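The next block is query-v4.pdb, given as PDB, C-alpha atoms.
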```pdb
ATOM      1  CA  MET A  25      -5.797 -10.634 -13.557
ATOM      2  CA  ARG A  26      -7.419  -7.641 -11.883
ATOM      3  CA  VAL A  27      -6.653  -4.179 -10.566
ATOM      4  CA  ILE A  28      -8.176  -2.002  -7.853
ATOM      5  CA  TYR A  29      -8.637   1.499  -9.240
ATOM      6  CA  PRO A  30      -7.592   3.597  -6.231
ATOM      7  CA  ILE A  31      -9.863   6.253  -4.760
ATOM      8  CA  VAL A  32      -7.987   9.306  -3.477
ATOM      9  CA  VAL A  33      -8.786   9.565   0.229
ATOM     10  CA  ASN A  34      -9.196  13.191   1.319
ATOM     11  CA  ASP A  35     -10.959  15.131   4.079
ATOM     12  CA  GLY A  36     -14.303  14.506   2.435
ATOM     13  CA  ILE A  37     -13.799  10.726   2.579
ATOM     14  CA  LEU A  38     -11.950  10.141   5.855
ATOM     15  CA  SER A  39     -14.743  10.605   8.380
ATOM     16  CA  THR A  40     -13.227   9.406  11.663
ATOM     17  CA  SER A  41     -10.188   7.621  13.093
ATOM     18  CA  ASN A  42      -8.965   6.736  16.555
ATOM     19  CA  LEU A  43      -5.500   8.023  15.597
ATOM     20  CA  PRO A  44      -4.945  11.659  16.611
ATOM     21  CA  GLU A  45      -3.276  14.005  14.175
ATOM     22  CA  ASN A  46      -1.348  15.974  16.769
ATOM     23  CA  ASP A  47       1.951  14.139  16.232
ATOM     24  CA  HIS A  48       3.603  17.530  16.769
ATOM     25  CA  PRO A  49       2.356  21.063  17.518
ATOM     26  CA  GLU A  50       0.534  22.949  14.787
ATOM     27  CA  TRP A  51       2.751  25.587  13.139
ATOM     28  CA  ASN A  52       2.240  29.047  14.621
ATOM     29  CA  SER A  53       3.334  32.235  12.880
ATOM     30  CA  GLY A  54       4.326  33.839  16.188
ATOM     31  CA  THR A  55       6.572  31.007  17.392
ATOM     32  CA  SER A  56      10.342  31.001  16.914
ATOM     33  CA  TYR A  57      11.554  27.623  15.661
ATOM     34  CA  THR A  58      14.971  26.017  15.991
ATOM     35  CA  ALA A  59      16.525  23.809  13.327
ATOM     36  CA  GLY A  60      15.186  20.291  13.854
ATOM     37  CA  ASP A  61      11.858  21.363  15.326
ATOM     38  CA  ARG A  62       8.857  19.618  13.814
ATOM     39  CA  VAL A  63       5.350  20.923  13.300
ATOM     40  CA  ILE A  64       2.216  19.748  11.541
ATOM     41  CA  ILE A  65       0.148  21.587   8.965
ATOM     42  CA  SER A  66      -3.444  20.394   9.109
ATOM     43  CA  ALA A  67      -4.127  21.775   5.634
ATOM     44  CA  ASP A  68      -1.842  19.182   3.990
ATOM     45  CA  HIS A  69      -1.823  16.629   6.857
ATOM     46  CA  GLY A  70       1.964  16.812   6.770
ATOM     47  CA  VAL A  71       4.847  16.895   9.224
ATOM     48  CA  HIS A  72       7.384  19.640   8.468
ATOM     49  CA  GLU A  73      10.877  20.020   9.935
ATOM     50  CA  ALA A  74      12.764  23.293  10.368
ATOM     51  CA  VAL A  75      15.999  23.356   8.354
ATOM     52  CA  VAL A  76      17.256  26.529  10.062
ATOM     53  CA  ASP A  77      16.159  28.739  12.936
ATOM     54  CA  ASN A  78      13.251  30.831  11.677
ATOM     55  CA  LEU A  79      10.236  32.887  12.648
ATOM     56  CA  GLY A  80       7.102  33.601  10.618
ATOM     57  CA  ASN A  81       8.048  31.461   7.601
ATOM     58  CA  ALA A  82       4.999  29.398   6.625
ATOM     59  CA  PRO A  83       6.017  25.815   5.705
ATOM     60  CA  LEU A  84       3.535  25.572   2.829
ATOM     61  CA  ASP A  85       4.915  28.754   1.245
ATOM     62  CA  ASP A  86       8.553  27.793   1.770
ATOM     63  CA  ASP A  87      10.922  26.694  -1.009
ATOM     64  CA  GLY A  88      12.956  24.429   1.265
ATOM     65  CA  THR A  89      15.091  27.207   2.697
ATOM     66  CA  ASN A  90      13.424  27.082   6.116
ATOM     67  CA  TRP A  91      11.225  23.969   6.101
ATOM     68  CA  ILE A  92      11.075  20.519   4.509
ATOM     69  CA  ARG A  93       8.083  18.199   4.489
ATOM     70  CA  ILE A  94       9.199  14.849   5.880
ATOM     71  CA  GLY A  95       5.955  12.908   5.530
ATOM     72  CA  ALA A  96       2.318  12.583   6.441
ATOM     73  CA  THR A  97       0.893  12.785   9.940
ATOM     74  CA  ASN A  98       0.338   9.467  11.689
ATOM     75  CA  ARG A  99      -3.393   9.449  10.908
ATOM     76  CA  TRP A 100      -2.852  10.054   7.199
ATOM     77  CA  LYS A 101       0.121   7.767   6.524
ATOM     78  CA  PRO A 102      -2.055   4.930   5.122
ATOM     79  CA  PHE A 103      -3.154   7.242   2.311
ATOM     80  CA  ASP A 104       0.126   8.945   1.355
ATOM     81  CA  GLY A 105       1.250   6.424  -1.284
ATOM     82  CA  TYR A 106       4.273   5.142   0.682
ATOM     83  CA  LEU A 107       4.382   1.621   2.108
ATOM     84  CA  THR A 108       7.420   1.941   4.355
ATOM     85  CA  ASP A 109       6.099   4.788   6.540
ATOM     86  CA  ALA A 110       3.287   3.157   8.487
ATOM     87  CA  ALA A 111       0.674   4.508  10.874
ATOM     88  CA  GLU A 112       0.839   3.104  14.394
ATOM     89  CA  GLY A 113      -1.670   2.810  17.214
ATOM     90  CA  SER A 114      -1.769   1.096  20.588
ATOM     91  CA  GLY A 115      -4.043  -1.941  20.476
ATOM     92  CA  SER A 116      -5.939  -1.109  17.312
ATOM     93  CA  ILE A 117      -6.311   1.304  14.420
ATOM     94  CA  THR A 118      -9.754   2.265  13.170
ATOM     95  CA  TYR A 119     -10.929   4.281  10.184
ATOM     96  CA  THR A 120     -14.358   5.195   8.922
ATOM     97  CA  LEU A 121     -14.281   6.119   5.231
ATOM     98  CA  THR A 122     -17.197   7.397   3.177
ATOM     99  CA  PRO A 123     -16.312   7.218  -0.531
ATOM    100  CA  SER A 124     -18.797   8.607  -3.023
ATOM    101  CA  GLY A 125     -18.302   5.857  -5.611
ATOM    102  CA  VAL A 126     -18.474   2.090  -5.751
ATOM    103  CA  VAL A 127     -15.952   0.113  -3.703
ATOM    104  CA  ARG A 128     -15.527  -3.571  -4.516
ATOM    105  CA  GLY A 129     -11.939  -4.080  -3.375
ATOM    106  CA  ILE A 130      -9.864  -3.091  -0.343
ATOM    107  CA  ALA A 131      -6.192  -3.962   0.140
ATOM    108  CA  LEU A 132      -3.992  -3.250   3.154
ATOM    109  CA  PHE A 133      -0.188  -3.374   3.163
ATOM    110  CA  GLY A 134       2.497  -3.077   5.827
ATOM    111  CA  LEU A 135       0.261  -4.605   8.471
ATOM    112  CA  ALA A 136       1.120  -5.571  12.023
ATOM    113  CA  GLY A 137      -1.684  -7.086  14.045
ATOM    114  CA  LEU A 138      -3.840 -10.118  14.668
ATOM    115  CA  SER A 139      -6.709  -9.395  12.301
ATOM    116  CA  VAL A 140      -8.354  -6.917   9.947
ATOM    117  CA  ARG A 141     -12.095  -6.313   9.983
ATOM    118  CA  VAL A 142     -14.005  -4.497   7.227
ATOM    119  CA  ARG A 143     -17.639  -3.650   7.835
ATOM    120  CA  VAL A 144     -20.223  -1.896   5.647
ATOM    121  CA  ALA A 145     -23.307  -1.522   7.802
ATOM    122  CA  ALA A 146     -25.570  -0.306   4.992
ATOM    123  CA  THR A 147     -25.103  -3.472   2.903
ATOM    124  CA  GLY A 148     -24.521  -5.985   5.695
ATOM    125  CA  TYR A 149     -20.973  -6.713   4.557
ATOM    126  CA  ASP A 150     -18.823  -7.789   7.512
ATOM    127  CA  ARG A 151     -15.610  -9.738   7.058
ATOM    128  CA  THR A 152     -12.649 -10.394   9.329
ATOM    129  CA  VAL A 153      -9.286 -11.541   7.944
ATOM    130  CA  ASP A 154      -7.076 -13.518  10.343
ATOM    131  CA  LEU A 155      -3.459 -12.402   9.890
ATOM    132  CA  VAL A 156      -1.863 -15.485  11.461
ATOM    133  CA  ASP A 157       0.342 -17.100   8.790
ATOM    134  CA  GLY A 158       0.339 -20.887   9.064
ATOM    135  CA  THR A 159       2.129 -21.678   5.797
ATOM    136  CA  GLU A 160       5.323 -22.816   7.575
ATOM    137  CA  VAL A 161       3.467 -25.261   9.842
ATOM    138  CA  SER A 162       3.425 -28.700   8.221
ATOM    139  CA  ASP A 163       3.175 -30.994  11.266
ATOM    140  CA  TRP A 164       2.648 -30.981  15.030
ATOM    141  CA  PHE A 165       6.340 -30.404  15.727
ATOM    142  CA  ASP A 166       6.221 -27.199  13.664
ATOM    143  CA  PHE A 167       2.993 -26.211  15.402
ATOM    144  CA  PHE A 168       4.638 -26.261  18.823
ATOM    145  CA  SER A 169       8.161 -25.153  17.884
ATOM    146  CA  GLU A 170       7.817 -22.527  15.159
ATOM    147  CA  PRO A 171       7.293 -18.916  16.282
ATOM    148  CA  ILE A 172       3.940 -17.407  15.333
ATOM    149  CA  LYS A 173       4.164 -15.329  12.181
ATOM    150  CA  TYR A 174       1.665 -12.909  10.728
ATOM    151  CA  ASP A 175       0.726 -11.757   7.253
ATOM    152  CA  SER A 176       1.604  -8.161   6.456
ATOM    153  CA  GLU A 177      -0.997  -7.862   3.684
ATOM    154  CA  ALA A 178      -4.732  -8.395   3.355
ATOM    155  CA  LEU A 179      -6.920  -8.337   0.250
ATOM    156  CA  LEU A 180     -10.723  -8.250   0.178
ATOM    157  CA  ALA A 181     -12.108  -8.456  -3.341
ATOM    158  CA  ASP A 182     -15.765  -9.025  -2.438
ATOM    159  CA  VAL A 183     -16.634  -5.759  -0.693
ATOM    160  CA  ALA A 184     -20.171  -4.440  -1.183
ATOM    161  CA  CYS A 185     -20.137  -0.653  -0.792
ATOM    162  CA  TYR A 186     -22.109   1.801  -2.880
ATOM    163  CA  GLY A 187     -21.431   5.322  -1.600
ATOM    164  CA  THR A 188     -21.835   4.423   2.087
ATOM    165  CA  SER A 189     -19.502   4.297   5.083
ATOM    166  CA  ILE A 190     -16.818   1.641   5.456
ATOM    167  CA  GLU A 191     -15.372   0.774   8.868
ATOM    168  CA  ILE A 192     -11.833  -0.642   8.872
ATOM    169  CA  THR A 193     -10.174  -2.008  12.028
ATOM    170  CA  VAL A 194      -6.653  -3.388  12.426
ATOM    171  CA  ASP A 195      -6.629  -5.238  15.756
ATOM    172  CA  ALA A 196      -3.336  -6.006  17.506
ATOM    173  CA  GLY A 197      -4.753  -7.054  20.877
ATOM    174  CA  SER A 198      -2.416  -5.656  23.530
ATOM    175  CA  GLY A 199       0.316  -4.900  20.998
ATOM    176  CA  THR A 200       0.991  -2.103  18.534
ATOM    177  CA  ALA A 201      -1.107  -2.071  15.372
ATOM    178  CA  ARG A 202       0.465  -0.840  12.148
ATOM    179  CA  VAL A 203      -0.722  -0.241   8.590
ATOM    180  CA  GLY A 204       1.385   1.173   5.786
ATOM    181  CA  GLN A 205      -1.239   1.670   3.109
ATOM    182  CA  ILE A 206      -4.992   1.264   2.654
ATOM    183  CA  VAL A 207      -6.225   1.166  -0.948
ATOM    184  CA  LEU A 208      -9.867   0.950  -1.955
ATOM    185  CA  GLY A 209     -11.864   1.308  -5.136
ATOM    186  CA  ARG A 210     -13.656  -0.493  -7.921
ATOM    187  CA  ILE A 211     -12.151  -3.610  -9.484
ATOM    188  CA  VAL A 212     -11.401  -3.930 -13.191
ATOM    189  CA  ASN A 213     -10.999  -7.431 -14.610
ATOM    190  CA  LEU A 214      -8.251  -7.443 -17.262
ATOM    191  CA  GLY A 215      -8.128 -11.115 -18.208
ATOM    192  CA  THR A 216      -7.224 -14.662 -17.184
ATOM    193  CA  THR A 217      -3.965 -15.116 -15.282
ATOM    194  CA  LEU A 218      -1.607 -17.612 -16.956
ATOM    195  CA  ASP A 219       1.259 -19.853 -15.886
ATOM    196  CA  GLY A 220       4.507 -17.930 -15.892
ATOM    197  CA  THR A 221       3.271 -15.052 -13.756
ATOM    198  CA  GLN A 222       6.309 -14.329 -11.612
ATOM    199  CA  PRO A 223       6.807 -12.438  -8.330
ATOM    200  CA  ASP A 224      10.273 -11.001  -7.722
ATOM    201  CA  PHE A 225      11.962  -8.067  -6.026
ATOM    202  CA  VAL A 226      14.546  -5.350  -6.634
ATOM    203  CA  SER A 227      17.081  -4.883  -3.841
ATOM    204  CA  TYR A 228      18.468  -1.454  -3.002
ATOM    205  CA  SER A 229      20.965  -2.849  -0.512
ATOM    206  CA  VAL A 230      24.659  -2.209  -1.185
ATOM    207  CA  LYS A 231      26.673  -5.409  -1.574
ATOM    208  CA  SER A 232      30.407  -5.328  -2.288
ATOM    209  CA  ARG A 233      33.629  -7.135  -1.410
ATOM    210  CA  ASP A 234      36.980  -5.781  -0.309
ATOM    211  CA  ASP A 235      40.367  -6.891  -1.672
ATOM    212  CA  PHE A 236      40.299  -9.949   0.583
ATOM    213  CA  GLY A 237      36.863 -11.063  -0.578
ATOM    214  CA  ARG A 238      35.095 -10.107   2.626
ATOM    215  CA  ALA A 239      31.530  -9.005   2.084
ATOM    216  CA  ASN A 240      30.483  -5.466   2.932
ATOM    217  CA  LEU A 241      26.719  -5.326   3.236
ATOM    218  CA  VAL A 242      24.533  -2.265   3.792
ATOM    219  CA  ARG A 243      20.917  -3.277   4.173
ATOM    220  CA  ARG A 244      18.358  -1.004   2.504
ATOM    221  CA  ASP A 245      14.752  -1.329   1.361
ATOM    222  CA  PHE A 246      13.616  -3.510  -1.506
ATOM    223  CA  ALA A 247      10.749  -3.137  -3.934
ATOM    224  CA  ASP A 248       8.496  -6.024  -4.924
ATOM    225  CA  THR A 249       7.935  -6.680  -8.622
ATOM    226  CA  VAL A 250       5.481  -8.960 -10.410
ATOM    227  CA  THR A 251       5.483  -9.929 -14.064
ATOM    228  CA  PHE A 252       1.889 -10.809 -14.885
ATOM    229  CA  ARG A 253       1.071 -13.008 -17.847
ATOM    230  CA  PHE A 254      -2.588 -13.090 -18.782
ATOM    231  CA  ALA A 255      -4.903 -13.677 -21.712
ATOM    232  CA  ALA A 256      -7.893 -11.655 -22.882
ATOM    233  CA  PRO A 257      -9.963 -11.297 -26.051
ATOM    234  CA  THR A 258      -8.133  -9.187 -28.607
ATOM    235  CA  GLU A 259     -11.165  -6.888 -28.796
ATOM    236  CA  LYS A 260     -10.386  -5.792 -25.217
ATOM    237  CA  GLN A 261      -6.907  -4.565 -26.145
ATOM    238  CA  ARG A 262      -7.865  -0.886 -26.283
ATOM    239  CA  GLN A 263      -9.662  -1.080 -22.940
ATOM    240  CA  ILE A 264      -6.729  -2.843 -21.261
ATOM    241  CA  LYS A 265      -4.226  -0.363 -22.687
ATOM    242  CA  ARG A 266      -6.383   2.509 -21.443
ATOM    243  CA  VAL A 267      -6.374   1.074 -17.910
ATOM    244  CA  VAL A 268      -2.602   0.583 -17.961
ATOM    245  CA  THR A 269      -1.889   4.082 -19.265
ATOM    246  CA  GLU A 270      -4.314   5.739 -16.838
ATOM    247  CA  LEU A 271      -2.439   4.057 -13.986
ATOM    248  CA  ASP A 272       1.001   4.644 -15.510
ATOM    249  CA  ALA A 273       2.174   6.879 -12.632
ATOM    250  CA  VAL A 274      -0.553   6.084 -10.111
ATOM    251  CA  PRO A 275       0.150   3.350  -7.531
ATOM    252  CA  ALA A 276      -2.669   0.811  -7.637
ATOM    253  CA  VAL A 277      -3.281  -2.753  -6.462
ATOM    254  CA  TRP A 278      -2.680  -5.352  -9.163
ATOM    255  CA  PHE A 279      -3.463  -8.980  -8.332
ATOM    256  CA  ALA A 280      -3.859 -12.356  -9.997
ATOM    257  CA  GLY A 281      -6.874 -13.286  -7.863
ATOM    258  CA  GLU A 282      -7.875 -13.277  -4.217
ATOM    259  CA  ALA A 283      -7.372 -17.046  -3.991
ATOM    260  CA  MET A 284      -3.726 -16.627  -5.107
ATOM    261  CA  GLU A 285      -2.802 -14.203  -2.308
ATOM    262  CA  ALA A 286      -0.412 -16.701  -0.695
ATOM    263  CA  PHE A 287       1.666 -16.871  -3.887
ATOM    264  CA  GLY A 288       2.849 -13.271  -3.657
ATOM    265  CA  VAL A 289       1.123 -12.175  -6.864
ATOM    266  CA  GLN A 290      -0.540  -9.065  -5.518
ATOM    267  CA  ILE A 291       1.340  -5.793  -5.513
ATOM    268  CA  TYR A 292       0.880  -2.099  -4.816
ATOM    269  CA  GLY A 293       2.713  -0.319  -7.593
ATOM    270  CA  TYR A 294       2.714   0.968 -11.143
ATOM    271  CA  PRO A 295       3.415  -0.431 -14.652
ATOM    272  CA  SER A 296       7.037  -0.514 -15.805
ATOM    273  CA  ASN A 297       6.570  -2.534 -18.999
ATOM    274  CA  TYR A 298       3.584  -3.535 -21.135
ATOM    275  CA  ASP A 299       3.639  -6.033 -24.001
ATOM    276  CA  ALA A 300       0.502  -6.919 -25.991
ATOM    277  CA  PRO A 301       1.250  -8.589 -29.347
ATOM    278  CA  LEU A 302      -2.042  -8.796 -31.243
ATOM    279  CA  SER A 303      -3.234 -12.197 -32.421
ATOM    280  CA  SER A 304      -5.485 -12.995 -35.337
ATOM    281  CA  ASP A 305      -7.142 -15.909 -33.514
ATOM    282  CA  GLY A 306      -9.046 -13.543 -31.216
ATOM    283  CA  THR A 307      -6.978 -13.986 -28.049
ATOM    284  CA  THR A 308      -4.092 -11.739 -27.013
ATOM    285  CA  PHE A 309      -1.435 -12.904 -24.548
ATOM    286  CA  TYR A 310      -0.215 -10.026 -22.406
ATOM    287  CA  THR A 311       2.886  -9.410 -20.322
ATOM    288  CA  LEU A 312       2.576  -6.649 -17.733
ATOM    289  CA  GLU A 313       5.394  -5.802 -15.361
ATOM    290  CA  ILE A 314       4.494  -3.956 -12.165
ATOM    291  CA  GLU A 315       7.112  -2.300  -9.965
ATOM    292  CA  GLY A 316       6.166  -1.979  -6.333
ATOM    293  CA  ALA A 317       6.034   1.307  -4.473
ATOM    294  CA  LEU A 318       8.131   1.750  -1.335
TER     295      LEU A 318
END
```
Starting from the file, give its structure as structure tokens.
Amino acid sequence: MRVIYPIVVNDGILSTSNLPENDHPEWNSGTSYTAGDRVIISADHGVHEAVVDNLGNAPLDDDGTNWIRIGATNRWKPFDGYLTDAAEGSGSITYTLTPSGVVRGIALFGLAGLSVRVRVAATGYDRTVDLVDGTEVSDWFDFFSEPIKYDSEALLADVACYGTSIEITVDAGSGTARVGQIVLGRIVNLGTTLDGTQPDFVSYSVKSRDDFGRANLVRRDFADTVTFRFAAPTEKQRQIKRVVTELDAVPAVWFAGEAMEAFGVQIYGYPSNYDAPLSSDGTTFYTLEIEGAL
């Protein structure tokens, strides 16, 4: 049972990317804007939409009367904390990040592509993750008849980076590459994952029936959840509680282990419930519920 402590990616860390930031024109104080017009503000890497016709009203100083911020620019979407609003690029997406601290884990969510490559030139680390999902292929008939499917997540828990540049590439060949979130940081080991760890989800779709029993369905997003059960020495209880409380309202990557990725027990989210009954025999059995971010 481990967690990637997320590093906040800012202008000092994001060195280069092949994604331009000019999704829309930069806001200009001398331009008259019509309701529905969109501009970017480089200072907050955000896209802002005009609520009403206006002139000279700076989006960052506005209280919502003239402008609303609708999200991050395309380049910065993988670092905005939201999974469902992904960055897109033709063929591939590349980032060069230069964090000041230690990075041992990198996780990517909301992926569309053929592979993910992570390279740290200074340490010689170079790993490519194939995103082709072969779990539904059990025989030759499936191999030739089932459509090709791809993983939307990738986890690398063996990264070797110590304050040097990291190159990340999502390769989609001739298609459109997408990535919803990139999370990197040091890894904290909380304990040993136990049987009973359970992935689940919360649906926000609307499901009802009319007077004749006919279903009325409105599809909406869903949030992943995982209930982790793990064991650790009782003497680590204060340390584990400190980690959980520090990440109480900070989305992070919680996972049972890199080898268990196929079981759906890795999640980008925050704690919703924590149970740690102390035991006199020296081992505490924990229950930690994580609610996924959207």
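Counting all atoms listed in the file and comparing A:Ser124, A:Thr152, A:Asn213, A:Asn297, the residue that lies closest to A:Ser189 is A:Ser124.
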- [ ] Can you work out the spacing between atom CA of A:Asp35 and atom CA of A:Ala111 in Å, to one decimal?
- [x]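 Spanning atom CA of A:Asp35 to atom CA of A:Ala111 is a straight-line distance of 17.2 Å.
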Open item on the list: Between A:Asp219, A:Asp154, A:Asp47, A:Asp245, which residue has the minimum interatomic distance to A:Leu138, considering all atoms listed in the file?
Closed with: A:Asp154
- [ ] Please indicate the distance in Å from atom CA of A:Ile37 to atom CA of A:Ile211, rounded to one decimal place.
- [x]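 Distance between the two atoms: 18.8 Å.
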Task: Given all atoms listed in the file as the counted atoms, nearest of A:Ala255, A:Leu121, A:Ala131, A:Leu318 to A:Ile206 - done: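 When distances to A:Ile206 are compared using all atoms listed in the file, the smallest one comes from A:Ala131.
Of the residues under consideration (A:Val289, A:Ala280, A:Ala184, A:Leu179), A:Ala184 shows the shortest atom-to-atom contact distance to A:Ala145 when counting all atoms listed in the file.
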Can you pull out the residues contacting A:Ser66? Cut-off 10 Å, using only C-alpha atoms, and skip same-chain residues under 5 positions away; I want them as a compact mmCIF listing (two decimals) with C-alpha atoms, in the frame of the given file.
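Now in part.txt:
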```txt
# COMPACT_ATOMS: atom_id res chain seq x y z
CA GLU A 45 -3.28 14.00 14.18
CA ASN A 46 -1.35 15.97 16.77
CA GLU A 50 0.53 22.95 14.79
CA TRP A 51 2.75 25.59 13.14
CA VAL A 71 4.85 16.90 9.22
CA THR A 97 0.89 12.78 9.94
```
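The residues returned by the PyMOL selection byres ((chain A and resi 175) around 8) on the shown structure are A:Leu135, A:Ala136, A:Leu155, A:Val156, A:Asp157, A:Lys173, A:Tyr174, A:Ser176, A:Glu177, A:Ala178.
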Just to be explicit: take each residue in the selection above, keep C-alpha atoms, and write the result as a PDB file, in the coordinates of the input.
```pdb
ATOM      1  CA  LEU A 135       0.261  -4.605   8.471  1.00  0.00           C
ATOM      2  CA  ALA A 136       1.120  -5.571  12.023  1.00  0.00           C
ATOM      3  CA  LEU A 155      -3.459 -12.402   9.890  1.00  0.00           C
ATOM      4  CA  VAL A 156      -1.863 -15.485  11.461  1.00  0.00           C
ATOM      5  CA  ASP A 157       0.342 -17.100   8.790  1.00  0.00           C
ATOM      6  CA  LYS A 173       4.164 -15.329  12.181  1.00  0.00           C
ATOM      7  CA  TYR A 174       1.665 -12.909  10.728  1.00  0.00           C
ATOM      8  CA  SER A 176       1.604  -8.161   6.456  1.00  0.00           C
ATOM      9  CA  GLU A 177      -0.997  -7.862   3.684  1.00  0.00           C
ATOM     10  CA  ALA A 178      -4.732  -8.395   3.355  1.00  0.00           C
TER      11      ALA A 178
END
```
Can you give me all heavy atoms for stretch 218-225 of chain A, written as a JSON list (two decimals), in the frame of the given file?
```
[["chain", "number", "residue", "atom", "x", "y", "z"],
["A", 218, "LEU", "N", -2.21, -16.43, -16.34],
["A", 218, "LEU", "CA", -1.61, -17.61, -16.96],
["A", 218, "LEU", "C", -0.39, -18.09, -16.17],
["A", 218, "LEU", "O", 0.19, -17.34, -15.36],
["A", 218, "LEU", "CB", -1.17, -17.29, -18.39],
["A", 218, "LEU", "CG", -2.26, -16.82, -19.36],
["A", 218, "LEU", "CD1", -1.63, -16.42, -20.68],
["A", 218, "LEU", "CD2", -3.32, -17.90, -19.55],
["A", 219, "ASP", "N", 0.00, -19.35, -16.41],
["A", 219, "ASP", "CA", 1.26, -19.85, -15.89],
["A", 219, "ASP", "C", 2.39, -18.95, -16.37],
["A", 219, "ASP", "O", 2.36, -18.43, -17.50],
["A", 219, "ASP", "CB", 1.51, -21.28, -16.38],
["A", 219, "ASP", "CG", 0.58, -22.29, -15.74],
["A", 219, "ASP", "OD1", -0.07, -21.94, -14.74],
["A", 219, "ASP", "OD2", 0.49, -23.42, -16.26],
["A", 220, "GLY", "N", 3.38, -18.79, -15.54],
["A", 220, "GLY", "CA", 4.51, -17.93, -15.89],
["A", 220, "GLY", "C", 4.46, -16.58, -15.21],
["A", 220, "GLY", "O", 5.43, -15.82, -15.26],
["A", 221, "THR", "N", 3.33, -16.27, -14.57],
["A", 221, "THR", "CA", 3.27, -15.05, -13.76],
["A", 221, "THR", "C", 4.30, -15.19, -12.64],
["A", 221, "THR", "O", 4.34, -16.22, -11.95],
["A", 221, "THR", "CB", 1.86, -14.85, -13.18],
["A", 221, "THR", "OG1", 0.97, -14.53, -14.26],
["A", 221, "THR", "CG2", 1.83, -13.75, -12.14],
["A", 222, "GLN", "N", 5.13, -14.16, -12.46],
["A", 222, "GLN", "CA", 6.31, -14.33, -11.61],
["A", 222, "GLN", "C", 6.50, -13.17, -10.64],
["A", 222, "GLN", "O", 6.72, -12.04, -11.05],
["A", 222, "GLN", "CB", 7.56, -14.45, -12.49],
["A", 222, "GLN", "CG", 8.85, -14.62, -11.70],
["A", 222, "GLN", "CD", 10.05, -14.80, -12.61],
["A", 222, "GLN", "OE1", 9.91, -15.17, -13.78],
["A", 222, "GLN", "NE2", 11.23, -14.54, -12.09],
["A", 223, "PRO", "N", 6.45, -13.46, -9.32],
["A", 223, "PRO", "CA", 6.81, -12.44, -8.33],
["A", 223, "PRO", "C", 8.32, -12.38, -8.17],
["A", 223, "PRO", "O", 9.01, -13.39, -8.29],
["A", 223, "PRO", "CB", 6.13, -12.94, -7.05],
["A", 223, "PRO", "CG", 6.07, -14.42, -7.22],
["A", 223, "PRO", "CD", 5.93, -14.69, -8.70],
["A", 224, "ASP", "N", 8.83, -11.20, -7.89],
["A", 224, "ASP", "CA", 10.27, -11.00, -7.72],
["A", 224, "ASP", "C", 10.47, -9.76, -6.86],
["A", 224, "ASP", "O", 9.51, -9.21, -6.32],
["A", 224, "ASP", "CB", 10.95, -10.86, -9.09],
["A", 224, "ASP", "CG", 12.43, -11.28, -9.06],
["A", 224, "ASP", "OD1", 13.03, -11.26, -7.97],
["A", 224, "ASP", "OD2", 12.97, -11.61, -10.13],
["A", 225, "PHE", "N", 11.70, -9.30, -6.75],
["A", 225, "PHE", "CA", 11.96, -8.07, -6.03],
["A", 225, "PHE", "C", 13.23, -7.42, -6.54],
["A", 225, "PHE", "O", 14.09, -8.06, -7.16],
["A", 225, "PHE", "CB", 12.06, -8.31, -4.51],
["A", 225, "PHE", "CG", 13.32, -9.03, -4.07],
["A", 225, "PHE", "CD1", 14.40, -8.31, -3.60],
["A", 225, "PHE", "CD2", 13.40, -10.41, -4.13],
["A", 225, "PHE", "CE1", 15.55, -8.97, -3.19],
["A", 225, "PHE", "CE2", 14.54, -11.08, -3.73],
["A", 225, "PHE", "CZ", 15.63, -10.35, -3.26]]
```
